[in-house]
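Pasting coords.cif here (mmCIF, C-alpha atoms and all ligand atoms):
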```cif
data_query
loop_
_atom_site.label_atom_id
_atom_site.label_comp_id
_atom_site.auth_asym_id
_atom_site.auth_seq_id
_atom_site.Cartn_x
_atom_site.Cartn_y
_atom_site.Cartn_z
CA MET A 1 4.00 -13.34 9.61
CA LYS A 2 6.20 -15.73 11.46
CA THR A 3 6.02 -15.72 15.25
CA GLY A 4 7.77 -17.63 18.01
CA SER A 5 10.68 -17.17 20.32
CA LYS A 6 13.36 -18.18 17.84
CA LYS A 7 15.16 -15.21 16.33
CA LYS A 8 14.56 -15.03 12.61
CA GLY A 9 17.55 -16.05 10.63
CA ALA A 10 19.02 -17.91 13.59
CA ARG A 11 20.10 -21.46 12.89
CA THR A 12 19.53 -24.39 15.21
CA GLY A 13 21.66 -27.39 14.33
CA THR A 14 20.78 -28.38 10.79
CA GLU A 15 17.44 -26.60 10.93
CA ARG A 16 17.32 -23.03 9.72
CA ALA A 17 14.66 -20.45 10.38
CA ALA A 18 12.73 -19.04 7.46
CA PRO A 19 14.11 -15.78 6.12
CA ARG A 20 12.50 -12.46 6.92
CA LEU A 21 10.70 -11.21 3.85
CA ILE A 22 11.02 -7.45 3.58
CA ALA A 23 9.19 -5.67 0.74
CA LEU A 24 10.27 -2.18 -0.24
CA GLY A 25 7.73 -0.05 -2.13
CA GLY A 26 6.44 3.47 -2.26
CA GLY A 27 3.86 4.08 -4.93
CA LYS A 28 5.73 6.67 -6.94
CA GLY A 29 8.35 5.91 -9.57
CA GLY A 30 11.86 7.31 -9.48
CA ILE A 31 12.03 8.00 -5.73
CA GLY A 32 14.95 5.67 -5.05
CA LYS A 33 13.27 2.35 -4.20
CA THR A 34 15.73 0.35 -6.28
CA PHE A 35 18.72 2.41 -5.18
CA LEU A 36 17.75 1.73 -1.56
CA ALA A 37 16.92 -1.95 -2.14
CA ALA A 38 20.32 -2.50 -3.75
CA ASN A 39 22.33 -0.61 -1.17
CA LEU A 40 20.44 -1.94 1.84
CA SER A 41 20.96 -5.47 0.48
CA VAL A 42 24.70 -4.87 0.24
CA ALA A 43 24.86 -3.16 3.64
CA LEU A 44 22.90 -6.02 5.27
CA SER A 45 25.14 -8.63 3.64
CA ARG A 46 28.18 -6.76 4.98
CA LEU A 47 26.71 -7.11 8.45
CA GLY A 48 27.13 -10.86 7.98
CA LEU A 49 23.54 -11.65 7.06
CA GLU A 50 22.78 -13.88 4.12
CA VAL A 51 20.65 -11.80 1.80
CA VAL A 52 18.69 -12.54 -1.35
CA ALA A 53 17.70 -9.38 -3.23
CA VAL A 54 14.63 -9.92 -5.40
CA ASP A 55 13.66 -7.69 -8.29
CA ALA A 56 9.86 -7.90 -8.39
CA ASP A 57 9.62 -5.08 -10.91
CA LEU A 58 9.18 -7.25 -13.98
CA GLU A 59 8.27 -4.32 -16.19
CA GLY A 60 11.09 -2.00 -15.12
CA SER A 61 13.77 -4.23 -13.72
CA ASN A 62 17.08 -2.60 -12.82
CA LEU A 63 18.06 -3.96 -9.44
CA HIS A 64 20.91 -5.85 -11.16
CA THR A 65 22.23 -2.54 -12.56
CA CYS A 66 22.16 -0.82 -9.16
CA LEU A 67 24.00 -3.82 -7.74
CA GLY A 68 26.52 -3.76 -10.59
CA VAL A 69 25.69 -7.31 -11.64
CA GLU A 70 25.44 -8.52 -15.26
CA PRO A 71 21.90 -9.69 -16.09
CA PRO A 72 21.90 -13.33 -14.92
CA PRO A 73 20.99 -15.91 -17.59
CA MET A 74 17.90 -16.98 -15.62
CA SER A 75 15.46 -14.66 -13.92
CA LEU A 76 11.94 -14.36 -12.53
CA ALA A 77 10.78 -14.07 -16.14
CA ASP A 78 11.67 -17.77 -16.50
CA PHE A 79 9.49 -18.57 -13.50
CA VAL A 80 6.62 -16.56 -15.02
CA ALA A 81 7.06 -18.42 -18.31
CA ASP A 82 7.07 -21.78 -16.45
CA ARG A 83 10.58 -22.53 -17.70
CA GLU A 84 11.92 -22.79 -14.14
CA VAL A 85 9.70 -23.72 -11.20
CA ASP A 86 12.50 -23.86 -8.63
CA VAL A 87 12.93 -20.24 -7.51
CA GLY A 88 16.04 -21.20 -5.53
CA LYS A 89 17.82 -21.89 -8.83
CA LEU A 90 17.15 -18.30 -9.91
CA ALA A 91 19.10 -16.87 -6.96
CA ALA A 92 22.40 -16.08 -8.67
CA ALA A 93 25.56 -15.51 -6.68
CA THR A 94 27.04 -12.01 -6.92
CA SER A 95 30.61 -10.82 -6.39
CA ILE A 96 29.43 -9.46 -3.02
CA PRO A 97 29.84 -12.03 -0.23
CA ASN A 98 26.54 -13.21 1.35
CA LEU A 99 24.46 -11.58 -1.39
CA ARG A 100 22.50 -13.35 -4.10
CA LEU A 101 20.14 -11.84 -6.64
CA ILE A 102 16.89 -12.99 -8.18
CA ALA A 103 16.74 -10.68 -11.16
CA ALA A 104 13.75 -9.83 -13.33
CA THR A 105 15.45 -9.41 -16.67
CA HIS A 106 14.31 -10.69 -20.08
CA ALA A 107 10.58 -10.34 -19.35
CA ASN A 108 8.12 -11.68 -21.88
CA LEU A 109 6.65 -8.37 -23.06
CA TRP A 110 3.44 -10.10 -24.08
CA SER A 111 2.75 -11.32 -20.56
CA PRO A 112 5.33 -10.07 -18.05
CA GLN A 113 3.34 -10.49 -14.85
CA PRO A 114 2.92 -13.78 -12.98
CA SER A 115 -0.59 -15.15 -12.52
CA ASP A 116 -2.24 -15.01 -9.08
CA GLU A 117 -1.27 -18.65 -8.49
CA GLN A 118 2.32 -18.01 -9.55
CA ARG A 119 2.54 -15.04 -7.17
CA VAL A 120 1.38 -17.19 -4.27
CA ALA A 121 3.82 -19.96 -5.27
CA LEU A 122 6.64 -17.45 -5.63
CA VAL A 123 6.18 -16.07 -2.11
CA GLY A 124 6.06 -19.65 -0.80
CA HIS A 125 9.39 -20.38 -2.55
CA LEU A 126 10.96 -17.18 -1.21
CA ARG A 127 10.07 -18.24 2.33
CA LYS A 128 12.05 -21.45 1.83
CA LEU A 129 15.23 -19.83 0.55
CA PRO A 130 18.27 -20.52 2.73
CA ALA A 131 18.83 -16.90 3.73
CA ASP A 132 18.40 -14.54 6.66
CA ILE A 133 16.71 -11.77 4.73
CA VAL A 134 14.88 -11.68 1.40
CA LEU A 135 14.60 -8.06 0.28
CA ILE A 136 12.00 -7.46 -2.42
CA ASP A 137 12.24 -4.39 -4.64
CA LEU A 138 8.72 -3.47 -5.77
CA GLY A 139 7.70 -1.60 -8.89
CA ALA A 140 5.88 1.73 -8.77
CA GLY A 141 2.12 2.06 -8.40
CA THR A 142 -0.56 0.06 -6.61
CA HIS A 143 -1.03 -2.75 -9.13
CA PRO A 144 -2.46 -5.90 -7.48
CA ALA A 145 0.85 -7.70 -8.07
CA VAL A 146 2.78 -4.98 -6.23
CA MET A 147 0.30 -4.90 -3.34
CA ASP A 148 0.23 -8.70 -2.99
CA TYR A 149 4.01 -8.89 -2.59
CA TYR A 150 3.86 -6.06 -0.09
CA LEU A 151 1.09 -7.72 1.92
CA SER A 152 2.71 -11.15 1.81
CA ALA A 153 5.99 -9.91 3.23
CA ASP A 154 6.78 -10.01 6.93
CA GLU A 155 7.72 -6.36 6.89
CA GLY A 156 6.85 -3.50 4.58
CA VAL A 157 9.11 -0.53 3.96
CA VAL A 158 7.56 2.52 2.29
CA VAL A 159 9.88 4.99 0.61
CA PHE A 160 8.94 8.64 0.37
CA ALA A 161 10.68 11.54 -1.33
CA PRO A 162 10.03 14.98 0.15
CA GLU A 163 7.76 16.16 -2.68
CA PRO A 164 3.96 16.45 -2.74
CA THR A 165 3.72 13.98 -5.64
CA SER A 166 5.64 11.30 -3.77
CA VAL A 167 3.77 11.93 -0.51
CA GLU A 168 0.43 11.69 -2.35
CA ASN A 169 1.42 8.42 -4.04
CA GLY A 170 2.88 7.08 -0.81
CA TYR A 171 -0.42 7.59 0.98
CA SER A 172 -2.27 6.01 -1.96
CA PHE A 173 0.06 3.05 -1.64
CA MET A 174 -0.65 2.70 2.09
CA ARG A 175 -4.39 3.11 1.53
CA ALA A 176 -4.35 0.43 -1.13
CA ALA A 177 -2.43 -1.86 1.25
CA PHE A 178 -4.91 -1.13 4.02
CA TYR A 179 -8.08 -1.97 2.10
CA ARG A 180 -6.61 -4.84 0.16
CA GLY A 181 -5.03 -6.32 3.28
CA MET A 182 -8.20 -5.98 5.34
CA HIS A 183 -10.24 -7.59 2.57
CA ARG A 184 -7.76 -10.40 2.17
CA TRP A 185 -7.35 -11.20 5.86
CA MET A 186 -10.90 -10.69 7.11
CA SER A 187 -12.91 -13.88 7.08
CA ASP A 188 -16.37 -12.56 8.10
CA GLU A 189 -18.49 -12.15 4.99
CA PRO A 190 -20.52 -9.04 6.02
CA LEU A 191 -17.31 -7.21 6.93
CA ARG A 192 -15.63 -8.28 3.70
CA ASP A 193 -18.58 -6.79 1.83
CA LEU A 194 -18.23 -3.58 3.83
CA ILE A 195 -14.51 -3.39 2.99
CA ALA A 196 -15.22 -4.04 -0.70
CA GLN A 197 -17.74 -1.17 -0.67
CA ALA A 198 -15.30 1.11 1.14
CA MET A 199 -12.72 0.53 -1.60
CA ASP A 200 -14.86 2.72 -3.83
CA GLN A 201 -14.01 6.20 -2.57
CA HIS A 202 -17.48 7.45 -3.59
CA ASN A 203 -19.29 4.70 -1.71
CA GLU A 204 -22.80 5.55 -0.52
CA ARG A 205 -22.00 4.72 3.10
CA GLY A 206 -19.80 7.81 3.29
CA ILE A 207 -16.68 5.80 4.24
CA ARG A 208 -13.83 8.01 3.08
CA THR A 209 -10.86 6.99 5.24
CA PRO A 210 -9.56 3.78 6.81
CA LEU A 211 -10.62 5.12 10.21
CA ASP A 212 -14.18 5.64 8.87
CA LEU A 213 -14.10 2.00 7.82
CA LEU A 214 -13.03 0.82 11.26
CA ARG A 215 -15.86 2.84 12.82
CA ALA A 216 -18.42 1.48 10.34
CA ALA A 217 -17.14 -2.07 10.99
CA ARG A 218 -17.56 -1.64 14.75
CA ALA A 219 -21.11 -0.33 14.24
CA LEU A 220 -21.99 -3.27 12.00
CA ASP A 221 -20.41 -5.98 14.13
CA PRO A 222 -18.60 -4.95 17.35
CA ALA A 223 -16.66 -8.22 17.74
CA GLY A 224 -15.72 -8.35 14.04
CA GLY A 225 -14.77 -4.67 14.19
CA ARG A 226 -12.35 -5.44 17.02
CA ARG A 227 -10.84 -8.28 14.98
CA LEU A 228 -10.39 -5.88 12.10
CA GLU A 229 -8.63 -3.39 14.35
CA LYS A 230 -6.20 -6.10 15.42
CA LEU A 231 -5.47 -6.98 11.79
CA VAL A 232 -4.50 -3.37 11.14
CA HIS A 233 -1.34 -3.84 13.24
CA ARG A 234 -0.13 -6.34 10.65
CA LEU A 235 0.30 -3.43 8.26
CA ARG A 236 2.69 -1.41 10.43
CA PRO A 237 4.84 0.30 7.79
CA ARG A 238 8.45 1.31 8.16
CA ILE A 239 9.20 4.61 6.51
CA ILE A 240 12.33 5.82 4.74
CA LEU A 241 12.62 9.41 3.58
CA ASN A 242 14.95 9.50 0.58
CA GLU A 243 16.59 12.49 -1.09
CA ALA A 244 16.28 14.75 1.95
CA ARG A 245 17.78 18.20 1.34
CA SER A 246 16.83 20.11 4.48
CA ALA A 247 15.88 19.73 8.13
CA THR A 248 12.24 20.26 7.07
CA ASP A 249 12.52 17.31 4.67
CA ILE A 250 13.94 15.13 7.43
CA LYS A 251 11.06 16.03 9.75
CA MET A 252 8.59 14.94 7.09
CA GLY A 253 9.20 11.34 8.14
CA PHE A 254 7.71 12.13 11.57
CA ALA A 255 4.76 13.92 9.97
CA ILE A 256 4.05 10.84 7.83
CA LYS A 257 4.17 8.71 10.97
CA SER A 258 1.55 10.96 12.61
CA VAL A 259 -0.69 10.82 9.53
CA CYS A 260 -0.53 7.01 9.61
CA LEU A 261 -1.91 7.02 13.13
CA LYS A 262 -4.49 9.74 12.53
CA TYR A 263 -5.99 8.51 9.26
CA PHE A 264 -5.13 4.82 9.16
CA GLY A 265 -5.07 3.95 12.84
CA ILE A 266 -1.66 2.36 12.16
CA GLU A 267 1.56 2.83 14.08
CA ALA A 268 4.44 3.43 11.68
CA ASP A 269 8.17 3.39 12.30
CA TYR A 270 10.44 6.04 10.86
CA LEU A 271 13.57 4.10 9.91
CA GLY A 272 15.39 7.25 8.93
CA TYR A 273 16.38 9.38 5.99
CA VAL A 274 18.95 9.36 3.23
CA ASN A 275 20.09 12.74 1.98
CA HIS A 276 20.14 13.82 -1.64
CA ASP A 277 23.70 13.25 -2.77
CA ASP A 278 25.21 13.66 -6.24
CA VAL A 279 27.43 10.65 -5.60
CA VAL A 280 24.31 8.46 -5.86
CA ARG A 281 24.03 9.23 -9.57
CA LYS A 282 27.78 8.68 -9.94
CA SER A 283 27.47 5.26 -8.33
CA VAL A 284 24.55 4.33 -10.61
CA LEU A 285 26.51 5.50 -13.67
CA ALA A 286 29.48 3.44 -12.47
CA ARG A 287 27.14 0.46 -11.84
CA LYS A 288 28.50 0.05 -8.37
CA PRO A 289 26.48 0.13 -5.14
CA LEU A 290 27.05 3.43 -3.34
CA VAL A 291 27.97 1.73 -0.06
CA LEU A 292 30.93 0.16 -1.92
CA SER A 293 31.87 2.98 -4.32
CA HIS A 294 31.53 5.87 -1.85
CA PRO A 295 31.38 4.27 1.60
CA LYS A 296 32.29 7.52 3.36
CA SER A 297 29.59 9.63 1.68
CA ASP A 298 26.77 10.86 3.90
CA ALA A 299 24.20 8.93 1.84
CA ALA A 300 26.14 5.66 2.29
CA ILE A 301 26.46 6.30 6.02
CA TYR A 302 22.70 6.92 6.34
CA VAL A 303 21.94 3.77 4.32
CA GLY A 304 24.21 1.86 6.70
CA ARG A 305 22.34 3.26 9.69
CA ILE A 306 19.00 2.12 8.25
CA ALA A 307 20.47 -1.30 7.45
CA ARG A 308 21.52 -1.72 11.08
CA LYS A 309 18.00 -0.85 12.23
CA LEU A 310 16.56 -3.39 9.77
CA ALA A 311 19.03 -6.03 10.91
CA ALA A 312 18.02 -5.42 14.52
CA GLY A 313 14.65 -6.99 13.77
CA SER A 314 11.03 -6.43 13.03
CA PHE A 315 9.04 -3.75 14.80
CA ARG A 316 5.78 -5.28 13.67
CA SER A 317 3.46 -6.63 16.32
CA LYS A 318 4.01 -10.33 16.78
CA ALA A 319 0.78 -10.71 18.71
CA VAL A 320 -1.33 -10.67 15.59
CA ARG A 321 -0.83 -13.32 13.00
CA PRO A 322 -3.74 -13.24 10.59
CA LYS A 323 -4.25 -16.14 8.24
CA ALA A 324 -4.85 -15.20 4.65
CA ARG A 325 -8.45 -16.11 3.96
CA SER A 326 -7.90 -16.21 0.31
CA ASN A 327 -4.95 -15.55 -1.90
CA ALA A 328 -7.15 -14.31 -4.68
CA PRO A 329 -6.99 -10.58 -5.34
CA ALA A 330 -9.81 -8.40 -4.02
CA PRO A 331 -12.73 -8.15 -6.46
CA THR A 332 -12.48 -4.45 -7.02
CA HIS A 333 -9.09 -2.89 -7.08
CA ARG A 334 -9.08 0.82 -7.66
CA LYS A 335 -6.54 3.49 -7.10
CA LEU A 336 -7.80 4.43 -3.67
N1 LIG B 401 19.48 9.85 -2.22
C1 LIG B 401 19.62 10.14 -3.52
N2 LIG B 401 20.39 11.19 -3.91
C2 LIG B 401 20.53 11.50 -5.20
N3 LIG B 401 19.95 10.84 -6.21
C3 LIG B 401 19.19 9.78 -5.90
C4 LIG B 401 18.97 9.37 -4.54
N4 LIG B 401 18.17 8.29 -4.55
C5 LIG B 401 17.89 8.02 -5.83
N5 LIG B 401 18.50 8.92 -6.66
C6 LIG B 401 18.45 8.97 -8.13
O1 LIG B 401 17.16 8.63 -8.56
C7 LIG B 401 17.24 7.68 -9.60
C8 LIG B 401 16.01 6.80 -9.58
O2 LIG B 401 16.12 5.92 -8.49
P1 LIG B 401 15.49 4.46 -8.52
O3 LIG B 401 15.67 3.82 -9.85
O4 LIG B 401 16.03 3.75 -7.35
O5 LIG B 401 13.95 4.83 -8.32
P2 LIG B 401 12.72 3.82 -8.21
O6 LIG B 401 11.85 4.35 -7.13
O7 LIG B 401 13.19 2.44 -8.06
O8 LIG B 401 12.02 4.01 -9.62
P3 LIG B 401 11.01 2.98 -10.36
O9 LIG B 401 9.70 3.08 -9.67
O10 LIG B 401 10.95 3.53 -11.75
O11 LIG B 401 11.59 1.61 -10.27
C9 LIG B 401 18.54 6.95 -9.36
O12 LIG B 401 19.09 6.45 -10.55
C10 LIG B 401 19.43 7.99 -8.76
O13 LIG B 401 20.15 8.65 -9.78
MG MG B 402 12.86 0.70 -9.18
#
```
Show the structure stored in the file as structure tokens.
Amino acid sequence: MKTGSKKKGARTGTERAAPRLIALGGGKGGIGKTFLAANLSVALSRLGLEVVAVDADLEGSNLHTCLGVEPPPMSLADFVADREVDVGKLAAATSIPNLRLIAATHANLWSPQPSDEQRVALVGHLRKLPADIVLIDLGAGTHPAVMDYYLSADEGVVVFAPEPTSVENGYSFMRAAFYRGMHRWMSDEPLRDLIAQAMDQHNERGIRTPLDLLRAARALDPAGGRRLEKLVHRLRPRIILNEARSATDIKMGFAIKSVCLKYFGIEADYLGYVNHDDVVRKSVLARKPLVLSHPKSDAAIYVGRIARKLAAGSFRSKAVRPKARSNAPAPTHRKL
């Protein structure tokens, strides 16, 4: 995470600050991650920010469709296949001012995912893009590739739909981020071992929740346990509740925030909700972002409100800036 007094995205003379990397995930498929990534990208670009939208869902790419952009001739698939090493060249201009797209079309079905090294290199390239915000649309699930993009970003947005399946997968996603992040950022070997053991839900130490892990870490090594607790702030998620249909659905965002604190020991921010709206499907069918096709619809207005909150800056603690100990994936990755 970048720190310092300079506002992210602000330019000083010829020098330009690195863009804010915002990853948008949520565990479950079909809950509106791509719809939100596309429309938030457009809304942010209309606020005057230079935005690069990145489709990191190499096995189910459709960010270009939600943005109403023809599949660009070059995409992340060319980076994965080593045909193009300069990620900047993959950022194609769109018809929307201030918005460029790194698409993920034309994947090599034999080997669609980048290697660990390519993932690290890709994030490094994204940080150098001349933009204010790089918004990364993640695929569903808790695959190591998905989690690594999420953990490498400056800010993580987790999308929930008000259904038990989505809530369950959303918590799995945050748990996976918690253990994987702690293992990646913690440098003390005994604590790394403890975290690796805790990743097995049936571990013999009886560690069942992230808070159990923090307690066990403190008991094993009080100073290391305190360091681990500080690292947890790095994970501070920002929650969006999509497809809300009732006041109860809307309140679910606050309930998720409370659960984050109770079970993960993490403060979360509720960015807001977007209501279920039939015009969303119409906009997808028309291949036009909702905020452009139906700007006066409630859903577009709520997306705009969330975009303004995102533009206002990061809520994540700037006091903690852990260094990645290793970019290699954790040894055991399970669905937690
Ligand atoms: N707020 C909403 N109101 C109505 N329909 C919605 C809303 N958000 C999303 N949808 C519908 O849900 C569909 C799936 O959304 P989307 O493709 O963005 O999900 P996803 O989470 O990215 O899925 P995947 O994990 O498969 O990539 C959209 O095509 C749209 O029709
Ligand atoms: Mg998607």
Practice item. Please check which protein, DNA or RNA residues sit within 6 Å of ligand MG 402 (chain B), counting all atoms listed in the file, and write them as JSON, numbers by chain. Key: {"A": [33, 34, 139]}
Exercise for review: Could you give me, as JSON, numbers by chain, the residues within 12 Å of Ala107 in chain A, counting all atoms listed in the file and dropping anything in the same chain fewer than 4 positions from it?
Suggested key: {"A": [55, 56, 57, 58, 59, 60, 61, 71, 73, 74, 75, 76, 77, 78, 79, 80, 81, 103, 111, 112, 113, 114]}
With 3 Å of padding per side, what axis-aligned box (centre and edge lengths, Å, one decimal) covers all the listed atoms of ligand LIG 401 (chain B)? Give it as JSON.
```
{"center_x": 15.1, "center_y": 6.6, "center_z": -7.0, "size_x": 16.8, "size_y": 15.9, "size_z": 15.5}
```
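The smallest atom-to-atom distance between Lys89 in chain A and any of A:Ile256, A:Val120, A:Leu129, A:Leu285, using all atoms listed in the file, is found for A:Leu129.
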Practice item. Figure out the distance between CA of Leu21 in chain A and CA of Leu101 in chain A, please, to one decimal in Å. Key: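 Atom-to-atom, CA of Leu101 in chain A to CA of Leu21 in chain A, that is 14.1 Å.
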**Study point:** Test item: residues at most 12 Å from Thr165 in chain A, all atoms listed in the file, excluding those fewer than 6 positions along its chain, as a VMD selection string
**Key:** chain A and resid 26 to 31 171 to 172
Selection from above, C-alpha atoms, as a compact mmCIF listing (two decimals), in the frame of the given file, can you write it?
```
# COMPACT_ATOMS: atom_id res chain seq x y z
CA GLY A 26 6.44 3.47 -2.26
CA GLY A 27 3.86 4.08 -4.93
CA LYS A 28 5.73 6.67 -6.94
CA GLY A 29 8.35 5.91 -9.57
CA GLY A 30 11.86 7.31 -9.48
CA ILE A 31 12.03 8.00 -5.73
CA TYR A 171 -0.42 7.59 0.98
CA SER A 172 -2.27 6.01 -1.96
```
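Across the structure, CA of Arg308 in chain A and CA of Asn169 in chain A are spaced 27.1 Å apart.
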**Study point:** Given all atoms listed in the file as the counted atoms, nearest of A:Leu191, A:Ala93, A:Val87, A:Leu151 to Ala121 in chain A
**Key:**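 Answer, going by the shortest atom-to-atom distance: A:Val87.
Nearest-residue note for Glu155 in chain A: choosing from A:Val85, A:Ile136, A:Leu99, A:Leu214, the minimum distance belongs to A:Ile136, counting all atoms listed in the file.
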Review point. For ligand LIG 401 (chain B), which of A:Leu228, A:Ile96, A:Ala177, A:Leu67 is the closest residue, counting all atoms listed in the file?
Key: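 Among the listed residues, A:Leu67 lies closest to ligand LIG 401 (chain B).
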Point to revise | Gap from CA of Asn39 in chain A to atom C3 of ligand LIG 401 (chain B) - Å, one decimal | key: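 It comes out at 11.8 Å.
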Find the spatial neighbours of Ala255 in chain A, counting only C-alpha atoms, within a cut-off of 12 Å - ignore same-chain residues fewer than 2 positions away - and output them as a PDB file with C-alpha atoms, in the frame of the given file.
```pdb
ATOM      1  CA  PHE A 160       8.940   8.640   0.370  1.00  0.00           C
ATOM      2  CA  PRO A 162      10.030  14.980   0.150  1.00  0.00           C
ATOM      3  CA  VAL A 167       3.770  11.930  -0.510  1.00  0.00           C
ATOM      4  CA  ILE A 239       9.200   4.610   6.510  1.00  0.00           C
ATOM      5  CA  LEU A 241      12.620   9.410   3.580  1.00  0.00           C
ATOM      6  CA  THR A 248      12.240  20.260   7.070  1.00  0.00           C
ATOM      7  CA  ASP A 249      12.520  17.310   4.670  1.00  0.00           C
ATOM      8  CA  ILE A 250      13.940  15.130   7.430  1.00  0.00           C
ATOM      9  CA  LYS A 251      11.060  16.030   9.750  1.00  0.00           C
ATOM     10  CA  MET A 252       8.590  14.940   7.090  1.00  0.00           C
ATOM     11  CA  GLY A 253       9.200  11.340   8.140  1.00  0.00           C
ATOM     12  CA  LYS A 257       4.170   8.710  10.970  1.00  0.00           C
ATOM     13  CA  SER A 258       1.550  10.960  12.610  1.00  0.00           C
ATOM     14  CA  VAL A 259      -0.690  10.820   9.530  1.00  0.00           C
ATOM     15  CA  CYS A 260      -0.530   7.010   9.610  1.00  0.00           C
ATOM     16  CA  LEU A 261      -1.910   7.020  13.130  1.00  0.00           C
ATOM     17  CA  LYS A 262      -4.490   9.740  12.530  1.00  0.00           C
ATOM     18  CA  ALA A 268       4.440   3.430  11.680  1.00  0.00           C
ATOM     19  CA  ASP A 269       8.170   3.390  12.300  1.00  0.00           C
ATOM     20  CA  TYR A 270      10.440   6.040  10.860  1.00  0.00           C
TER      21      TYR A 270
END
```
Exercise for review: Skip Glu243 in chain A itself and residues of its chain fewer than 4 positions away, then list as a ChimeraX atom specification all residues within 7 Å of it, counting all atoms listed in the file.
Suggested key: /A:161,274-276
